[in-house]
>>> print(open('input.tsv').read())   # TSV, C-alpha atoms and all ligand atoms
chain	number	residue	atom	x	y	z
A	677	MET	CA	-18.50	38.36	3.02
A	678	LYS	CA	-21.98	36.90	2.53
A	679	LEU	CA	-23.70	35.31	-0.44
A	680	SER	CA	-26.48	37.51	-1.78
A	681	SER	CA	-30.03	36.18	-1.64
A	682	LYS	CA	-30.14	36.51	-5.44
A	683	THR	CA	-27.14	34.17	-5.78
A	684	ILE	CA	-28.59	31.66	-3.31
A	685	LYS	CA	-31.90	31.63	-5.20
A	686	ARG	CA	-30.13	31.21	-8.54
A	687	LEU	CA	-27.94	28.36	-7.30
A	688	LYS	CA	-30.76	26.46	-5.60
A	689	SER	CA	-33.19	26.76	-8.47
A	690	LYS	CA	-30.53	25.59	-10.92
A	691	TYR	CA	-28.66	22.92	-8.97
A	692	GLY	CA	-30.93	21.84	-6.10
A	693	ASN	CA	-29.91	21.95	-2.44
A	694	TRP	CA	-27.09	19.40	-2.04
A	695	ALA	CA	-23.44	20.39	-2.44
A	696	LEU	CA	-20.23	18.43	-1.92
A	697	VAL	CA	-16.93	19.98	-0.85
A	698	THR	CA	-13.76	17.88	-0.73
A	699	GLY	CA	-11.11	19.14	1.67
A	700	ALA	CA	-13.62	20.97	3.86
A	701	THR	CA	-11.69	20.66	7.13
A	702	SER	CA	-9.45	23.67	6.52
A	703	GLY	CA	-8.73	26.78	4.46
A	704	ILE	CA	-10.63	27.49	1.25
A	705	GLY	CA	-12.77	24.32	1.33
A	706	ARG	CA	-13.86	24.99	4.90
A	707	GLU	CA	-14.86	28.54	4.00
A	708	ILE	CA	-16.81	27.36	0.95
A	709	ALA	CA	-18.61	24.69	3.02
A	710	LEU	CA	-19.56	27.25	5.68
A	711	LYS	CA	-20.93	29.64	3.05
A	712	PHE	CA	-22.99	26.86	1.47
A	713	GLY	CA	-24.26	25.94	4.95
A	714	GLU	CA	-25.17	29.54	5.70
A	715	ALA	CA	-27.08	29.61	2.42
A	716	GLY	CA	-29.09	26.54	3.51
A	717	PHE	CA	-27.45	23.89	1.32
A	718	ASN	CA	-27.15	20.35	2.67
A	719	LEU	CA	-23.57	19.21	2.49
A	720	VAL	CA	-21.28	16.27	1.93
A	721	ILE	CA	-17.89	17.25	3.32
A	722	THR	CA	-14.61	15.35	3.24
A	723	GLY	CA	-11.19	15.33	4.84
A	724	ARG	CA	-8.72	12.91	6.39
A	725	ARG	CA	-8.85	14.32	9.93
A	726	GLU	CA	-11.82	12.93	11.83
A	727	LEU	CA	-11.73	15.51	14.60
A	728	ALA	CA	-11.67	18.48	12.25
A	729	LEU	CA	-14.39	16.87	10.13
A	730	ASN	CA	-16.61	16.36	13.18
A	731	GLU	CA	-15.97	19.90	14.30
A	732	ILE	CA	-17.10	21.50	11.06
A	733	SER	CA	-20.06	19.08	10.77
A	734	THR	CA	-21.25	20.13	14.22
A	735	GLN	CA	-20.70	23.77	13.39
A	736	LEU	CA	-22.71	23.48	10.16
A	737	PHE	CA	-25.56	21.71	11.89
A	738	GLU	CA	-25.67	23.91	14.98
A	739	LEU	CA	-25.37	27.19	13.12
A	740	TYR	CA	-27.48	26.49	10.05
A	741	ARG	CA	-29.52	23.32	10.79
A	742	VAL	CA	-28.58	21.80	7.41
A	743	GLU	CA	-28.08	18.09	6.75
A	744	VAL	CA	-24.39	17.16	6.79
A	745	LEU	CA	-22.76	13.93	5.65
A	746	PRO	CA	-19.09	13.84	6.67
A	747	VAL	CA	-17.01	11.33	4.73
A	748	LYS	CA	-13.59	10.68	6.19
A	749	GLY	CA	-10.99	9.53	3.72
A	750	ASP	CA	-7.65	10.01	2.05
A	751	LEU	CA	-8.54	10.90	-1.53
A	752	SER	CA	-5.04	10.10	-2.75
A	753	LYS	CA	-6.13	6.48	-2.21
A	754	HIS	CA	-8.28	4.95	-4.92
A	755	GLN	CA	-10.38	2.95	-2.43
A	756	ASP	CA	-11.28	6.09	-0.46
A	757	VAL	CA	-12.39	7.88	-3.63
A	758	GLU	CA	-14.56	4.83	-4.39
A	759	LYS	CA	-15.93	4.97	-0.83
A	760	LEU	CA	-16.93	8.61	-1.34
A	761	ILE	CA	-18.61	7.78	-4.64
A	762	GLU	CA	-20.53	4.84	-3.14
A	763	GLY	CA	-21.46	6.76	0.01
A	764	THR	CA	-23.05	9.60	-1.97
A	765	ARG	CA	-24.77	7.67	-4.78
A	766	HIS	CA	-28.18	8.11	-3.12
A	767	LEU	CA	-27.90	11.92	-3.01
A	768	ASN	CA	-28.76	14.40	-5.75
A	769	ILE	CA	-25.57	16.39	-5.46
A	770	GLY	CA	-25.96	19.38	-7.78
A	771	ILE	CA	-22.69	21.16	-6.98
A	772	ALA	CA	-19.39	19.30	-6.50
A	773	VAL	CA	-16.44	21.38	-5.33
A	774	LEU	CA	-13.25	19.39	-5.93
A	775	ASN	CA	-10.97	21.35	-3.68
A	776	ALA	CA	-8.82	18.86	-1.71
A	777	GLY	CA	-5.22	19.26	-2.71
A	778	TYR	CA	-1.78	20.25	-1.54
A	779	GLY	CA	1.51	21.59	-2.85
A	780	THR	CA	5.20	20.93	-2.60
A	781	SER	CA	8.17	23.19	-3.26
A	782	GLY	CA	11.94	23.24	-3.44
A	783	LYS	CA	14.56	21.69	-5.65
A	784	PHE	CA	13.17	18.98	-7.92
A	785	THR	CA	16.21	16.74	-7.42
A	786	SER	CA	15.71	16.83	-3.65
A	787	ALA	CA	11.99	16.06	-3.84
A	788	ASP	CA	10.57	13.04	-2.04
A	789	LEU	CA	9.22	11.10	-5.03
A	790	GLU	CA	6.65	9.22	-2.92
A	791	GLN	CA	5.19	12.52	-1.78
A	792	GLU	CA	5.15	13.90	-5.34
A	793	MET	CA	3.30	10.80	-6.59
A	794	ASN	CA	0.85	11.12	-3.70
A	795	MET	CA	0.22	14.76	-4.67
A	796	LEU	CA	-0.35	13.68	-8.27
A	797	ASP	CA	-2.87	11.07	-7.06
A	798	LEU	CA	-4.77	13.65	-4.99
A	799	ASN	CA	-4.56	16.80	-7.13
A	800	CYS	CA	-5.12	15.05	-10.50
A	801	ARG	CA	-6.18	11.40	-10.30
A	802	ALA	CA	-8.86	11.83	-7.61
A	803	LEU	CA	-10.12	15.01	-9.27
A	804	LEU	CA	-10.37	13.18	-12.60
A	805	GLN	CA	-12.25	10.25	-11.08
A	806	LEU	CA	-14.65	12.46	-9.11
A	807	SER	CA	-15.35	14.85	-11.97
A	808	HIS	CA	-16.01	11.89	-14.31
A	809	HIS	CA	-18.34	10.30	-11.76
A	810	PHE	CA	-20.26	13.49	-10.93
A	811	ALA	CA	-20.53	14.61	-14.57
A	812	ASN	CA	-22.18	11.27	-15.42
A	813	LYS	CA	-24.38	11.35	-12.34
A	814	MET	CA	-25.46	14.97	-12.87
A	815	LYS	CA	-26.33	14.19	-16.48
A	816	THR	CA	-29.11	11.89	-15.32
A	817	GLN	CA	-30.35	13.71	-12.22
A	818	GLY	CA	-32.99	15.83	-13.96
A	819	GLN	CA	-31.50	19.12	-12.82
A	820	LYS	CA	-28.46	21.11	-13.82
A	821	GLY	CA	-25.11	20.37	-12.24
A	822	ALA	CA	-21.93	22.27	-11.45
A	823	ILE	CA	-18.37	21.11	-10.88
A	824	VAL	CA	-15.80	23.42	-9.34
A	825	MET	CA	-12.13	22.48	-9.74
A	826	MET	CA	-9.48	24.10	-7.59
A	827	SER	CA	-6.71	25.31	-9.85
A	828	SER	CA	-4.12	27.96	-8.92
A	829	ILE	CA	-2.26	31.00	-10.18
A	830	VAL	CA	0.67	28.61	-10.77
A	831	ALA	CA	-1.38	26.75	-13.40
A	832	PHE	CA	-0.72	29.17	-16.26
A	833	GLN	CA	3.01	28.56	-16.78
A	834	GLY	CA	5.81	26.41	-15.40
A	835	VAL	CA	7.05	27.43	-11.96
A	836	PRO	CA	10.68	26.61	-11.06
A	837	ASN	CA	10.98	25.49	-7.42
A	838	ALA	CA	7.38	24.25	-7.42
A	839	ALA	CA	7.59	22.55	-10.79
A	840	HIS	CA	5.50	19.52	-10.04
A	841	TYR	CA	2.84	21.29	-7.99
A	842	ALA	CA	2.40	23.81	-10.82
A	843	ALA	CA	2.17	20.94	-13.31
A	844	THR	CA	-0.65	19.31	-11.30
A	845	LYS	CA	-2.58	22.58	-11.36
A	846	ALA	CA	-1.92	23.06	-15.10
A	847	TYR	CA	-3.62	19.66	-15.50
A	848	VAL	CA	-6.61	20.82	-13.46
A	849	GLN	CA	-6.85	24.14	-15.33
A	850	SER	CA	-6.67	22.49	-18.74
A	851	LEU	CA	-9.21	19.80	-17.85
A	852	GLY	CA	-11.60	22.36	-16.38
A	853	GLU	CA	-11.36	24.81	-19.30
A	854	ALA	CA	-12.14	22.09	-21.81
A	855	LEU	CA	-14.94	20.48	-19.80
A	856	ALA	CA	-16.61	23.88	-19.30
A	857	ILE	CA	-17.25	23.90	-23.05
A	858	GLU	CA	-17.84	20.18	-23.52
A	859	LEU	CA	-20.32	19.68	-20.65
A	860	LYS	CA	-22.33	22.90	-21.06
A	861	PRO	CA	-24.72	21.40	-23.67
A	862	ILE	CA	-25.62	18.59	-21.25
A	863	GLY	CA	-26.44	21.05	-18.47
A	864	ILE	CA	-23.24	20.91	-16.44
A	865	ASP	CA	-21.35	24.09	-15.58
A	866	VAL	CA	-17.64	23.74	-14.87
A	867	LEU	CA	-15.68	26.43	-13.05
A	868	THR	CA	-11.94	26.38	-12.48
A	869	ALA	CA	-10.97	28.67	-9.61
A	870	ALA	CA	-7.34	29.80	-9.67
A	871	PRO	CA	-6.45	31.72	-6.51
A	872	GLY	CA	-3.10	33.30	-5.68
A	873	PRO	CA	-1.62	32.97	-2.18
A	874	VAL	CA	-4.25	32.27	0.49
A	875	LYS	CA	-3.56	31.97	4.22
A	876	SER	CA	-4.50	28.39	5.10
A	877	GLY	CA	-2.84	25.09	5.94
A	878	PHE	CA	-1.39	25.10	2.43
A	879	ALA	CA	1.87	27.05	2.95
A	880	ASP	CA	3.04	24.93	5.90
A	881	ARG	CA	2.47	21.67	4.07
A	882	ALA	CA	4.08	23.03	0.88
A	883	ASN	CA	6.99	24.47	2.89
A	884	MET	CA	6.48	27.92	1.34
A	885	ASN	CA	6.84	31.26	3.12
A	886	MET	CA	4.16	33.14	1.23
A	887	ASP	CA	3.48	36.84	1.61
A	888	LEU	CA	0.57	38.99	0.40
A	889	THR	CA	-1.82	36.23	1.33
A	890	LEU	CA	-5.59	36.60	1.25
A	891	LYS	CA	-7.85	35.15	3.90
A	892	PRO	CA	-10.04	32.21	2.81
A	893	GLU	CA	-13.00	34.51	3.56
A	894	ALA	CA	-11.90	36.70	0.64
A	895	VAL	CA	-12.08	33.89	-1.92
A	896	GLY	CA	-14.95	31.62	-0.78
A	897	VAL	CA	-17.88	33.84	-1.74
A	898	PRO	CA	-16.39	34.99	-5.10
A	899	ILE	CA	-15.85	31.32	-6.03
A	900	ILE	CA	-19.44	30.35	-5.18
A	901	GLU	CA	-20.82	33.42	-6.95
A	902	ALA	CA	-18.92	32.50	-10.12
A	903	ILE	CA	-20.58	29.06	-10.36
A	904	GLY	CA	-22.63	28.96	-13.55
A	905	ARG	CA	-21.40	32.43	-14.53
A	906	ARG	CA	-17.73	31.94	-15.39
A	907	ASN	CA	-15.49	29.19	-16.73
A	908	THR	CA	-12.37	30.40	-14.93
A	909	LEU	CA	-12.14	32.68	-11.91
A	910	LEU	CA	-9.01	34.42	-10.61
A	911	PRO	CA	-10.08	35.29	-7.08
A	912	GLY	CA	-8.09	38.09	-5.40
A	913	SER	CA	-6.49	41.24	-6.74
A	914	LEU	CA	-2.88	39.91	-6.72
A	915	THR	CA	-3.92	36.98	-8.88
A	916	LYS	CA	-5.78	39.22	-11.31
A	917	PHE	CA	-2.86	41.69	-11.38
A	918	LEU	CA	-0.26	39.01	-12.10
A	919	VAL	CA	-2.29	37.07	-14.65
A	920	TYR	CA	-3.65	40.10	-16.56
A	921	ASN	CA	-0.37	42.04	-16.51
A	922	LEU	CA	1.60	39.07	-17.70
A	923	ARG	CA	-0.88	38.30	-20.47
A	924	MET	CA	1.32	39.83	-23.20
A	925	THR	CA	4.53	38.45	-21.70
A	926	PRO	CA	5.99	35.47	-23.59
A	927	ARG	CA	5.49	32.20	-21.77
A	928	TRP	CA	9.25	31.62	-21.28
A	929	ALA	CA	9.50	34.98	-19.50
A	930	LYS	CA	6.49	34.18	-17.32
A	931	VAL	CA	8.27	31.00	-16.24
A	932	LEU	CA	11.28	33.09	-15.16
A	933	ILE	CA	9.10	35.61	-13.29
A	934	MET	CA	7.14	32.94	-11.45
A	935	GLY	CA	10.44	31.20	-10.68
A	936	LYS	CA	11.63	34.42	-8.99
A	937	VAL	CA	8.41	34.65	-6.98
A	938	MET	CA	8.77	31.01	-5.90
A	939	SER	CA	12.46	31.51	-5.00
A	940	GLY	CA	11.26	34.18	-2.57
A	941	PHE	CA	8.66	31.79	-1.11
A	942	THR	CA	11.30	29.04	-0.64
A	943	LYS	CA	14.37	31.11	0.36
A	944	HIS	CA	14.25	29.72	3.91
A	945	GLN	CA	14.86	26.19	2.56
A	946	ALA	CA	18.48	27.04	1.68
A	947	ALA	CA	19.24	27.92	5.32
B	1001	LIG	N1	-3.60	28.41	-0.17
B	1001	LIG	C1	-3.16	28.80	-1.34
B	1001	LIG	O1	-2.31	29.70	-1.45
B	1001	LIG	C2	-3.72	28.19	-2.60
B	1001	LIG	C3	-3.58	28.88	-3.78
B	1001	LIG	C4	-4.08	28.32	-4.95
B	1001	LIG	C5	-4.74	27.10	-4.91
B	1001	LIG	N2	-4.84	26.43	-3.74
B	1001	LIG	C6	-5.52	25.13	-3.75
B	1001	LIG	O2	-6.68	25.23	-2.95
B	1001	LIG	C7	-7.03	23.95	-2.44
B	1001	LIG	C8	-7.29	24.05	-0.95
B	1001	LIG	O3	-6.10	24.42	-0.31
B	1001	LIG	P1	-6.07	25.30	1.02
B	1001	LIG	O4	-5.25	26.49	0.72
B	1001	LIG	O5	-7.42	25.49	1.57
B	1001	LIG	O6	-5.18	24.34	1.93
B	1001	LIG	P2	-5.46	23.62	3.33
B	1001	LIG	O7	-5.90	24.60	4.35
B	1001	LIG	O8	-4.25	22.82	3.59
B	1001	LIG	O9	-6.70	22.65	3.01
B	1001	LIG	C9	-6.54	21.48	2.27
B	1001	LIG	C10	-7.77	20.61	2.43
B	1001	LIG	O10	-7.58	19.42	1.66
B	1001	LIG	C11	-7.70	18.28	2.49
B	1001	LIG	N3	-6.74	17.24	2.10
B	1001	LIG	C12	-5.40	17.33	2.03
B	1001	LIG	N4	-4.85	16.15	1.67
B	1001	LIG	C13	-5.91	15.29	1.52
B	1001	LIG	C14	-6.00	13.92	1.15
B	1001	LIG	N5	-4.93	13.18	0.87
B	1001	LIG	N6	-7.23	13.37	1.09
B	1001	LIG	C15	-8.33	14.09	1.38
B	1001	LIG	N7	-8.31	15.40	1.71
B	1001	LIG	C16	-7.10	15.98	1.79
B	1001	LIG	C17	-7.40	18.78	3.90
B	1001	LIG	O11	-8.09	18.00	4.85
B	1001	LIG	P3	-7.38	16.94	5.84
B	1001	LIG	O12	-6.09	17.53	6.28
B	1001	LIG	O13	-8.39	16.75	6.93
B	1001	LIG	O14	-7.21	15.72	5.01
B	1001	LIG	C18	-7.97	20.18	3.87
B	1001	LIG	O15	-9.34	20.16	4.18
B	1001	LIG	C19	-5.89	23.01	-2.84
B	1001	LIG	O16	-6.27	22.29	-3.98
B	1001	LIG	C20	-4.74	23.97	-3.16
B	1001	LIG	O17	-3.84	23.42	-4.08
B	1001	LIG	C21	-4.37	26.95	-2.57
>>> encode(input="input.tsv", output="structure tokens", more="lines below")
Ligand SMILES: NC(=O)c1ccc[n+]([C@@H]2O[C@H](COP(=O)([O-])OP(=O)(O)OC[C@H]3O[C@@H](n4cnc5c(N)ncnc54)[C@H](OP(=O)(O)O)[C@@H]3O)[C@@H](O)[C@H]2O)c1
Amino acid sequence: MKLSSKTIKRLKSKYGNWALVTGATSGIGREIALKFGEAGFNLVITGRRELALNEISTQLFELYRVEVLPVKGDLSKHQDVEKLIEGTRHLNIGIAVLNAGYGTSGKFTSADLEQEMNMLDLNCRALLQLSHHFANKMKTQGQKGAIVMMSSIVAFQGVPNAAHYAATKAYVQSLGEALAIELKPIGIDVLTAAPGPVKSGFADRANMNMDLTLKPEAVGVPIIEAIGRRNTLLPGSLTKFLVYNLRMTPRWAKVLIMGKVMSGFTKHQAA
């Protein structure tokens, strides 16, 4: 999938030619970074793994000759979020894709609390700090800005067996929906992207056996195309099918249905 020249022109004339993608070393973030690179955007990219970060930086430069600023850091750590903010203050970043995140699954009582708190710090706290920083920065940059927040299909109801991960994404979804309205009058577009299962590093880290997965290539371009056009995007047909078909279902029943889906994804954990 390729971005259309019309989309590229629209995005550049509105937001300038610098974009930031957190969690660009793998999966959805990597795909989004590559598509921005292909479209000629200069990029700030982040991740914890230096090798993977160098690899995608080189790829972006060699393939598309764009400027790339790789920032290595663990965004669950406050000081690394600060480092990213300080290291990008001199750039007019017009599009900030806050994608870095991970999931957990399984029985809540067996969860490693340290890991859950770390996930909360990355999925919610870092996203809050970065969106607050970039919203304020974009407000004064003299061009429009866009913030993309990575939500999930699990954000729309509680999900037994991934209760805390779903709660972190409900936070993201709620924050994004509200800011899309609140920040519009000051020239900042906010998009929350809520994909269903995507084949990436996610499932391994979350210890989920997911089926019906989409490739990152199937969600990257739709997410970029929705910037400035939509407040929430449900990329992928399974996501649309589940969310639209369950629209009239009472919330308590949705919780049970999503619990069944998640039991399937985590069945192997009982063995
Ligand atoms: N895959 C799915 O089914 C799915 C569905 C809905 C939503 N999502 C969301 O989509 C986003 C991207 O996930 P993905 O599927 O692309 O997974 P992925 O392949 O595991 O990619 C996650 C990215 O986040 C970075 N990251 C992880 N922990 C980090 C930390 N502590 N500090 C900084 N960066 C960190 C990783 O880089 P390093 O390892 O180099 O740090 C990697 O680049 C996440 O927010 C996820 O919750 C995924």
>>> atom_distance(input="input.tsv", atom1="CA of Leu745 in chain A", atom2="CA of Met826 in chain A")
21.3 Å
>>> closest_residue(input="input.tsv", among="A:Lys813, A:Arg905, A:Arg686, A:Lys748", to="ligand LIG 1001 (chain B)", atoms="all atoms listed in the file")
A:Lys748
>>> closest_residue(input="input.tsv", among="A:Glu726, A:Glu858, A:Glu758, A:Glu853", to="Ala870 in chain A", atoms="all atoms listed in the file")
A:Glu853
>>> residues_around(input="input.tsv", residues="Asn812 in chain A", least_positions_apart="6", cutoff="12 Å", atoms="all atoms listed in the file", output="number ranges by chain")
A: 761, 765, 769-770, 805-806, 818, 820-823, 859, 862-864
>>> axis_aligned_box(input="input.tsv", around="ligand LIG 1001 (chain B)", padding_each_side="8 Å", output="lines of an AutoDock Vina configuration file")
center_x = -5.8
center_y = 21.4
center_z = 1.0
size_x = 23.0
size_y = 32.5
size_z = 27.9
>>> residues_near_ligand(input="input.tsv", ligand="ligand LIG 1001 (chain B)", cutoff="6 Å", atoms="all atoms listed in the file", output="number ranges by chain")
A: 699-705, 723-725, 749-752, 775-779, 798, 826-828, 870-878
>>> closest_residue(input="input.tsv", among="A:Ile933, A:Leu687, A:Ile732, A:Ala947", to="Asp865 in chain A", atoms="only C-alpha atoms")
A:Leu687
>>> closest_residue(input="input.tsv", among="A:Phe784, A:Trp928, A:Phe810, A:Tyr847", to="Gly834 in chain A", atoms="all atoms listed in the file")
A:Trp928
>>> closest_residue(input="input.tsv", among="A:Asn693, A:Ser733, A:Thr816, A:Ser781", to="Asp880 in chain A", atoms="only C-alpha atoms")
A:Ser781
>>> atom_distance(input="input.tsv", atom1="CA of Ser939 in chain A", atom2="CA of Ala838 in chain A")
9.2 Å
>>> atom_distance(input="input.tsv", atom1="CA of Leu760 in chain A", atom2="CA of Ala695 in chain A")
13.5 Å
>>> closest_residue(input="input.tsv", among="A:Lys860, A:Lys815, A:His840, A:Arg741", to="Ala882 in chain A", atoms="all atoms listed in the file")
A:His840
>>> residues_around(input="input.tsv", residues="Ile708 in chain A", least_positions_apart="3", cutoff="9 Å", atoms="only C-alpha atoms", output="list of chain:residue names")
A:Val697, A:Ala700, A:Gly703, A:Ile704, A:Gly705, A:Lys711, A:Phe712, A:Gly713, A:Val773, A:Pro892, A:Glu893, A:Val895, A:Gly896, A:Val897, A:Ile899, A:Ile900
>>> write_last_selection(input="input.tsv", atoms="C-alpha atoms", output="mmCIF file, keeping the file's coordinate frame")
data_model
loop_
_atom_site.group_PDB
_atom_site.id
_atom_site.type_symbol
_atom_site.label_atom_id
_atom_site.label_comp_id
_atom_site.auth_asym_id
_atom_site.auth_seq_id
_atom_site.Cartn_x
_atom_site.Cartn_y
_atom_site.Cartn_z
ATOM 1 C CA VAL A 697 -16.930 19.980 -0.850
ATOM 2 C CA ALA A 700 -13.620 20.970 3.860
ATOM 3 C CA GLY A 703 -8.730 26.780 4.460
ATOM 4 C CA ILE A 704 -10.630 27.490 1.250
ATOM 5 C CA GLY A 705 -12.770 24.320 1.330
ATOM 6 C CA LYS A 711 -20.930 29.640 3.050
ATOM 7 C CA PHE A 712 -22.990 26.860 1.470
ATOM 8 C CA GLY A 713 -24.260 25.940 4.950
ATOM 9 C CA VAL A 773 -16.440 21.380 -5.330
ATOM 10 C CA PRO A 892 -10.040 32.210 2.810
ATOM 11 C CA GLU A 893 -13.000 34.510 3.560
ATOM 12 C CA VAL A 895 -12.080 33.890 -1.920
ATOM 13 C CA GLY A 896 -14.950 31.620 -0.780
ATOM 14 C CA VAL A 897 -17.880 33.840 -1.740
ATOM 15 C CA ILE A 899 -15.850 31.320 -6.030
ATOM 16 C CA ILE A 900 -19.440 30.350 -5.180
#
>>> residues_around(input="input.tsv", residues="Ala839 in chain A", least_positions_apart="6", cutoff="10 Å", atoms="only C-alpha atoms", output="list in words")
Thr780, Ser781, Gly782, Lys783, Phe784, Val830, Gln833, Gly935 and Met938 of chain A
